[in-house]
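For reference, query-v6.tsv (TSV, C-alpha atoms):
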```tsv
chain	number	residue	atom	x	y	z
D	1	MET	CA	178.43	95.70	292.08
D	2	LEU	CA	182.20	95.79	292.25
D	3	ARG	CA	184.04	93.10	290.42
D	4	ASN	CA	187.52	92.18	291.56
D	5	LYS	CA	189.21	95.31	290.36
D	6	VAL	CA	192.78	96.31	290.73
D	7	LYS	CA	193.01	100.07	290.47
D	8	PRO	CA	195.33	100.94	287.61
D	9	VAL	CA	198.65	102.39	288.62
D	10	LEU	CA	198.39	105.94	287.35
D	11	LEU	CA	202.15	106.39	287.29
D	12	ALA	CA	202.38	103.74	284.59
D	13	LEU	CA	199.85	105.37	282.28
D	14	PRO	CA	201.56	106.75	279.19
D	15	ALA	CA	200.07	109.46	277.02
D	16	VAL	CA	200.14	108.82	273.31
D	17	VAL	CA	199.13	112.43	272.78
D	18	VAL	CA	200.32	115.25	275.05
D	19	ALA	CA	197.42	115.47	277.45
D	20	GLY	CA	198.42	116.96	280.74
D	21	CYS	CA	198.66	114.75	283.79
D	22	SER	CA	195.66	112.54	283.09
D	23	GLY	CA	197.11	110.47	280.28
D	24	LEU	CA	193.97	110.95	278.20
D	25	PRO	CA	194.19	111.91	274.56
D	26	ALA	CA	193.98	115.70	274.21
D	27	LEU	CA	191.09	116.78	272.04
D	28	ASP	CA	190.85	120.51	272.42
D	29	GLY	CA	193.86	122.55	271.46
D	30	ASP	CA	195.24	119.83	269.16
D	31	PRO	CA	195.82	121.58	265.82
D	32	ASP	CA	195.63	118.29	263.90
D	33	HIS	CA	192.29	117.34	265.41
D	34	ASP	CA	189.05	118.94	264.34
D	35	PRO	CA	185.40	118.13	265.07
D	36	ALA	CA	184.91	116.40	261.72
D	37	GLN	CA	187.67	113.95	262.71
D	38	GLY	CA	186.04	113.26	266.08
D	39	GLY	CA	187.38	116.05	268.27
D	40	ALA	CA	186.08	119.13	269.97
D	41	PRO	CA	186.89	122.75	269.18
D	42	GLU	CA	189.39	124.34	271.53
D	43	GLY	CA	187.78	125.24	274.83
D	44	VAL	CA	184.80	122.86	274.41
D	45	THR	CA	184.33	120.10	276.98
D	46	LEU	CA	182.14	117.36	275.55
D	47	THR	CA	179.52	115.50	277.56
D	48	PRO	CA	177.57	112.38	276.59
D	49	PHE	CA	174.72	114.74	275.59
D	50	ASP	CA	176.68	116.77	273.02
D	51	THR	CA	175.39	114.80	270.05
D	52	SER	CA	175.94	117.65	267.57
D	53	TYR	CA	179.66	116.84	267.70
D	54	PRO	CA	180.65	113.72	265.71
D	55	ALA	CA	182.77	112.40	268.62
D	56	VAL	CA	179.51	111.89	270.53
D	57	GLY	CA	176.88	111.85	267.77
D	58	ASN	CA	178.65	109.06	265.86
D	59	LEU	CA	178.89	106.77	268.87
D	60	ASP	CA	176.91	103.56	268.69
D	61	PRO	CA	173.39	104.54	269.87
D	62	ALA	CA	173.32	101.89	272.61
D	63	LEU	CA	176.70	103.03	273.94
D	64	ARG	CA	175.62	106.69	273.86
D	65	LYS	CA	172.37	105.88	275.70
D	66	ALA	CA	174.23	103.92	278.39
D	67	LEU	CA	176.71	106.79	278.79
D	68	GLN	CA	173.92	109.33	279.09
D	69	GLU	CA	172.19	107.25	281.78
D	70	ALA	CA	175.48	106.80	283.65
D	71	ALA	CA	176.33	110.50	283.38
D	72	THR	CA	172.90	111.46	284.72
D	73	ASP	CA	173.30	109.15	287.73
D	74	ALA	CA	176.91	110.24	288.30
D	75	ARG	CA	175.85	113.90	288.27
D	76	GLN	CA	173.31	113.17	291.01
D	77	ARG	CA	176.31	112.03	293.06
D	78	LYS	CA	178.24	115.23	292.17
D	79	VAL	CA	180.47	113.52	289.61
D	80	ASP	CA	180.70	115.28	286.23
D	81	MET	CA	181.37	112.98	283.29
D	82	HIS	CA	183.03	114.27	280.12
D	83	ILE	CA	183.96	112.60	276.87
D	84	ALA	CA	187.71	112.90	276.32
D	85	SER	CA	187.45	110.93	273.09
D	86	GLY	CA	184.66	109.04	271.40
D	87	TRP	CA	184.18	108.24	267.74
D	88	ARG	CA	187.26	108.98	265.60
D	89	THR	CA	187.99	108.82	261.89
D	90	LYS	CA	190.41	106.21	260.57
D	91	GLU	CA	192.74	109.08	259.65
D	92	TYR	CA	192.83	110.44	263.19
D	93	GLN	CA	193.31	106.96	264.64
D	94	GLN	CA	196.29	106.50	262.29
D	95	LYS	CA	197.75	109.83	263.54
D	96	LEU	CA	197.47	108.52	267.10
D	97	LEU	CA	199.16	105.26	266.12
D	98	ASP	CA	201.93	107.12	264.25
D	99	GLY	CA	202.47	109.31	267.32
D	100	GLY	CA	202.65	106.20	269.48
D	101	ILE	CA	205.24	104.60	267.20
D	102	GLU	CA	207.31	107.78	267.35
D	103	LYS	CA	207.03	107.97	271.13
D	104	TYR	CA	207.60	104.29	271.95
D	105	GLY	CA	209.99	103.40	269.13
D	106	SER	CA	208.09	100.51	267.55
D	107	LEU	CA	204.67	99.40	266.40
D	108	GLU	CA	204.76	96.58	268.95
D	109	GLU	CA	205.21	98.97	271.89
D	110	ALA	CA	202.78	101.57	270.52
D	111	ARG	CA	200.09	98.91	270.13
D	112	LYS	CA	199.97	98.51	273.91
D	113	PHE	CA	198.41	101.96	274.07
D	114	VAL	CA	196.73	102.63	270.73
D	115	ASN	CA	195.02	100.36	268.25
D	116	THR	CA	195.29	100.35	264.48
D	117	PRO	CA	192.46	102.05	262.57
D	118	GLU	CA	191.24	98.61	261.49
D	119	LYS	CA	190.97	97.32	265.07
D	120	SER	CA	190.06	100.50	266.95
D	121	THR	CA	186.65	100.43	268.57
D	122	HIS	CA	186.77	104.24	268.55
D	123	VAL	CA	186.61	104.16	264.73
D	124	SER	CA	183.50	101.97	264.85
D	125	GLY	CA	181.90	104.21	267.51
D	126	LYS	CA	181.88	101.42	270.09
D	127	ALA	CA	184.39	102.95	272.54
D	128	VAL	CA	184.62	106.08	274.61
D	129	ASP	CA	187.29	107.63	276.82
D	130	VAL	CA	185.80	109.21	279.94
D	131	ALA	CA	187.22	112.13	281.91
D	132	PRO	CA	188.11	113.38	284.45
D	133	THR	CA	189.75	110.64	286.49
D	134	ARG	CA	187.02	110.90	289.15
D	135	ALA	CA	184.36	110.11	286.51
D	136	ALA	CA	186.37	107.20	285.10
D	137	ASP	CA	186.80	105.82	288.61
D	138	TRP	CA	183.06	106.20	289.24
D	139	LEU	CA	182.32	104.35	286.01
D	140	ILE	CA	184.75	101.56	286.90
D	141	GLN	CA	182.78	101.09	290.13
D	142	HIS	CA	179.26	101.50	288.70
D	143	GLY	CA	179.54	100.84	284.95
D	144	GLU	CA	178.14	97.30	285.05
D	145	LYS	CA	174.75	98.77	285.99
D	146	TYR	CA	174.71	100.33	282.48
D	147	GLY	CA	176.63	97.57	280.66
D	148	LEU	CA	179.75	99.77	280.50
D	149	CYS	CA	183.08	98.07	281.14
D	150	GLN	CA	186.67	99.19	281.49
D	151	VAL	CA	188.43	97.36	278.65
D	152	TYR	CA	192.17	97.79	279.27
D	153	ALA	CA	193.91	97.66	282.64
D	154	ASN	CA	196.38	100.33	281.49
D	155	GLU	CA	193.60	102.73	280.38
D	156	MET	CA	191.21	103.44	283.22
D	157	TRP	CA	189.28	105.86	280.98
D	158	HIS	CA	188.46	103.50	278.06
D	159	PHE	CA	184.95	102.00	278.19
D	160	GLU	CA	182.86	99.86	275.90
D	161	LEU	CA	179.42	98.29	276.14
D	162	LEU	CA	180.49	94.70	276.90
D	163	THR	CA	177.65	93.30	278.98
D	164	THR	CA	173.94	93.77	279.44
D	165	PRO	CA	172.90	96.36	282.01
D	166	GLY	CA	173.36	94.79	285.43
D	167	GLY	CA	175.53	92.01	283.98
D	168	THR	CA	179.12	91.20	284.77
D	169	CYS	CA	181.97	92.83	282.89
D	170	PRO	CA	184.71	90.58	281.54
D	171	PRO	CA	188.13	91.01	283.13
D	172	ALA	CA	190.05	93.97	281.76
D	173	ARG	CA	192.65	93.07	279.16
D	174	THR	CA	196.22	94.05	279.94
D	175	ASP	CA	196.43	96.55	277.09
D	176	ALA	CA	195.22	97.35	273.57
D	177	ALA	CA	197.59	94.80	272.01
D	178	GLY	CA	196.18	91.92	274.06
```
Just dump the structure as structure tokens.
Amino acid sequence: MLRNKVKPVLLALPAVVVAGCSGLPALDGDPDHDPAQGGAPEGVTLTPFDTSYPAVGNLDPALRKALQEAATDARQRKVDMHIASGWRTKEYQQKLLDGGIEKYGSLEEARKFVNTPEKSTHVSGKAVDVAPTRAADWLIQHGEKYGLCQVYANEMWHFELLTTPGGTCPPARTDAAG
């Protein structure tokens, strides 16, 4: 079921962390980010089934189960779903926020794209960033079947479990500050 969705304008998506053209946080190759903090070793592409890595293993069990079901169904439709970012430590979330402040010049501007460690649903294991763009788009279209919802209009990759499977997702918030 498609809700009234406005496809995010990809040109407006900023990257808090250098991440290529997708705008997603870079996990592999980031020297400040290790698996214990919620990342993946360089060259490793995480899937919702890679529970031996804290980024996936420390996700809320209900969120992880929904992601695994969605990834299985997406794969049957030739869409591969990866986890660009899942659970993160408070320390890593603070590094992202500090990087955002440096990039955007103020806490107020940075907060549009990255939450504080106290408010981040990544830190609590209740949020996941999905990649590549094709998988995020698939999840925007089909996520309600699994209870997975796009949370922020300016982050097409950020999903949380915000409804019951088959329910209706709430409208996406403008950004992380809202």
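Closest to Ala71 (chain D) among D:Gly57, D:Gly143, D:Pro41, D:Pro48 is D:Pro48, based on all atoms listed in the file.
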Output as JSON the centre and edge lengths (Å, one decimal) of the box along x, y and z of the file that holds every listed atom of region 81-93 of chain D after adding 5 Å on each side.
```
{"center_x": 187.3, "center_y": 110.2, "center_z": 271.5, "size_x": 21.9, "size_y": 18.1, "size_z": 33.6}
```
Point (185.0, 115.2, 261.7) neighbourhood (8 Å, only C-alpha atoms) written as JSON, numbers by chain: {"D": [34, 35, 36, 37, 38, 39, 54, 55, 88, 89]}
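The residue that comes closest to Ala177 (chain D), out of D:Asp137, D:Glu109, D:Asp80, D:Asp98 and on the basis of all atoms listed in the file, is D:Glu109.
Nearest to Thr47 (chain D) of all the residues D:Ile101, D:Leu161, D:Ile83, D:Ala176 is D:Ile83, counting all atoms listed in the file.
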Would you mind listing what lies within 8 Å of Met81 (chain D) as a short mmCIF file (atom, residue, chain, number, x, y, z; two decimals) with C-alpha atoms, in the coordinates of the input, with all atoms listed in the file counted and same-chain residues fewer than 6 positions away left out?
```cif
data_model
loop_
_atom_site.label_atom_id
_atom_site.label_comp_id
_atom_site.auth_asym_id
_atom_site.auth_seq_id
_atom_site.Cartn_x
_atom_site.Cartn_y
_atom_site.Cartn_z
CA THR D 47 179.52 115.50 277.56
CA PRO D 48 177.57 112.38 276.59
CA ALA D 71 176.33 110.50 283.38
CA ALA D 74 176.91 110.24 288.30
CA ARG D 75 175.85 113.90 288.27
CA VAL D 130 185.80 109.21 279.94
CA ALA D 131 187.22 112.13 281.91
CA PRO D 132 188.11 113.38 284.45
CA ALA D 135 184.36 110.11 286.51
CA ALA D 136 186.37 107.20 285.10
#
```
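Here CA of Gly147 (chain D) stands at a distance of 4.8 Å from CA of Thr164 (chain D).
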Val123 (chain D): which residues within 9 Å, counting all atoms listed in the file, same-chain residues fewer than 4 positions away excluded, as JSON, numbers by chain? {"D": [86, 87, 88, 89, 90, 92, 93, 117, 118, 119, 127]}
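Residue nearest Thr163 (chain D) within the list D:Ala66, D:Arg134, D:Lys103, D:Leu96: D:Ala66 [criterion: smallest interatomic distance, only C-alpha atoms].
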Rounded to one decimal, what separation in Å do you get between CA of Glu160 (chain D) and CA of Leu63 (chain D)? 7.2 Å
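Note that CA of Ala172 (chain D) and CA of Ala153 (chain D) are 5.4 Å apart.
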Please rebuild region 59-70 of chain D with all heavy atoms and return the result as an mmCIF file, in the frame of the given file.
```
data_model
loop_
_atom_site.group_PDB
_atom_site.id
_atom_site.type_symbol
_atom_site.label_atom_id
_atom_site.label_comp_id
_atom_site.auth_asym_id
_atom_site.auth_seq_id
_atom_site.Cartn_x
_atom_site.Cartn_y
_atom_site.Cartn_z
ATOM 1 N N LEU D 59 178.764 107.953 268.015
ATOM 2 C CA LEU D 59 178.890 106.770 268.870
ATOM 3 C C LEU D 59 177.735 105.822 268.572
ATOM 4 O O LEU D 59 176.640 106.243 268.181
ATOM 5 C CB LEU D 59 178.854 107.155 270.346
ATOM 6 C CG LEU D 59 180.078 107.865 270.905
ATOM 7 C CD1 LEU D 59 179.817 108.318 272.335
ATOM 8 C CD2 LEU D 59 181.309 106.978 270.832
ATOM 9 N N ASP D 60 177.969 104.551 268.781
ATOM 10 C CA ASP D 60 176.910 103.560 268.690
ATOM 11 C C ASP D 60 175.750 104.019 269.573
ATOM 12 O O ASP D 60 175.973 104.412 270.729
ATOM 13 C CB ASP D 60 177.453 102.205 269.159
ATOM 14 C CG ASP D 60 176.386 101.152 269.180
ATOM 15 O OD1 ASP D 60 176.084 100.613 268.113
ATOM 16 O OD2 ASP D 60 175.859 100.883 270.280
ATOM 17 N N PRO D 61 174.518 104.034 269.071
ATOM 18 C CA PRO D 61 173.390 104.540 269.870
ATOM 19 C C PRO D 61 173.227 103.871 271.231
ATOM 20 O O PRO D 61 172.896 104.539 272.213
ATOM 21 C CB PRO D 61 172.174 104.286 268.967
ATOM 22 C CG PRO D 61 172.730 104.278 267.586
ATOM 23 C CD PRO D 61 174.103 103.671 267.710
ATOM 24 N N ALA D 62 173.450 102.578 271.315
ATOM 25 C CA ALA D 62 173.320 101.890 272.610
ATOM 26 C C ALA D 62 174.403 102.344 273.584
ATOM 27 O O ALA D 62 174.131 102.527 274.774
ATOM 28 C CB ALA D 62 173.364 100.378 272.409
ATOM 29 N N LEU D 63 175.613 102.538 273.088
ATOM 30 C CA LEU D 63 176.700 103.030 273.940
ATOM 31 C C LEU D 63 176.381 104.445 274.416
ATOM 32 O O LEU D 63 176.526 104.755 275.601
ATOM 33 C CB LEU D 63 178.027 103.011 273.169
ATOM 34 C CG LEU D 63 179.223 103.671 273.858
ATOM 35 C CD1 LEU D 63 179.564 102.988 275.173
ATOM 36 C CD2 LEU D 63 180.430 103.681 272.916
ATOM 37 N N ARG D 64 175.947 105.299 273.502
ATOM 38 C CA ARG D 64 175.620 106.690 273.860
ATOM 39 C C ARG D 64 174.512 106.727 274.908
ATOM 40 O O ARG D 64 174.595 107.468 275.891
ATOM 41 C CB ARG D 64 175.249 107.483 272.615
ATOM 42 C CG ARG D 64 175.085 108.969 272.881
ATOM 43 C CD ARG D 64 174.846 109.780 271.605
ATOM 44 N NE ARG D 64 173.744 109.258 270.823
ATOM 45 C CZ ARG D 64 173.889 108.694 269.624
ATOM 46 N NH1 ARG D 64 175.067 108.588 269.063
ATOM 47 N NH2 ARG D 64 172.828 108.244 268.979
ATOM 48 N N LYS D 65 173.479 105.911 274.733
ATOM 49 C CA LYS D 65 172.370 105.880 275.700
ATOM 50 C C LYS D 65 172.868 105.436 277.076
ATOM 51 O O LYS D 65 172.512 106.030 278.105
ATOM 52 C CB LYS D 65 171.274 104.938 275.197
ATOM 53 C CG LYS D 65 170.070 104.844 276.114
ATOM 54 C CD LYS D 65 169.006 103.920 275.514
ATOM 55 C CE LYS D 65 167.763 103.875 276.366
ATOM 56 N NZ LYS D 65 167.749 102.827 277.338
ATOM 57 N N ALA D 66 173.681 104.394 277.115
ATOM 58 C CA ALA D 66 174.230 103.920 278.390
ATOM 59 C C ALA D 66 175.083 105.011 279.052
ATOM 60 O O ALA D 66 174.997 105.213 280.267
ATOM 61 C CB ALA D 66 175.049 102.653 278.176
ATOM 62 N N LEU D 67 175.889 105.699 278.255
ATOM 63 C CA LEU D 67 176.710 106.790 278.790
ATOM 64 C C LEU D 67 175.854 107.920 279.344
ATOM 65 O O LEU D 67 176.155 108.478 280.402
ATOM 66 C CB LEU D 67 177.624 107.353 277.709
ATOM 67 C CG LEU D 67 178.854 106.556 277.373
ATOM 68 C CD1 LEU D 67 179.475 107.056 276.083
ATOM 69 C CD2 LEU D 67 179.847 106.658 278.521
ATOM 70 N N GLN D 68 174.804 108.260 278.629
ATOM 71 C CA GLN D 68 173.920 109.330 279.090
ATOM 72 C C GLN D 68 173.244 108.952 280.410
ATOM 73 O O GLN D 68 173.149 109.779 281.325
ATOM 74 C CB GLN D 68 172.885 109.663 278.009
ATOM 75 C CG GLN D 68 173.501 110.356 276.817
ATOM 76 C CD GLN D 68 172.544 110.496 275.640
ATOM 77 O OE1 GLN D 68 171.512 109.815 275.552
ATOM 78 N NE2 GLN D 68 172.894 111.377 274.710
ATOM 79 N N GLU D 69 172.803 107.706 280.520
ATOM 80 C CA GLU D 69 172.190 107.250 281.780
ATOM 81 C C GLU D 69 173.217 107.277 282.910
ATOM 82 O O GLU D 69 172.910 107.725 284.023
ATOM 83 C CB GLU D 69 171.616 105.854 281.603
ATOM 84 C CG GLU D 69 170.400 105.817 280.704
ATOM 85 C CD GLU D 69 169.918 104.407 280.388
ATOM 86 O OE1 GLU D 69 170.489 103.423 280.914
ATOM 87 O OE2 GLU D 69 168.956 104.292 279.601
ATOM 88 N N ALA D 70 174.421 106.800 282.630
ATOM 89 C CA ALA D 70 175.480 106.800 283.650
ATOM 90 C C ALA D 70 175.838 108.221 284.058
ATOM 91 O O ALA D 70 175.999 108.513 285.249
ATOM 92 C CB ALA D 70 176.709 106.055 283.134
#
```
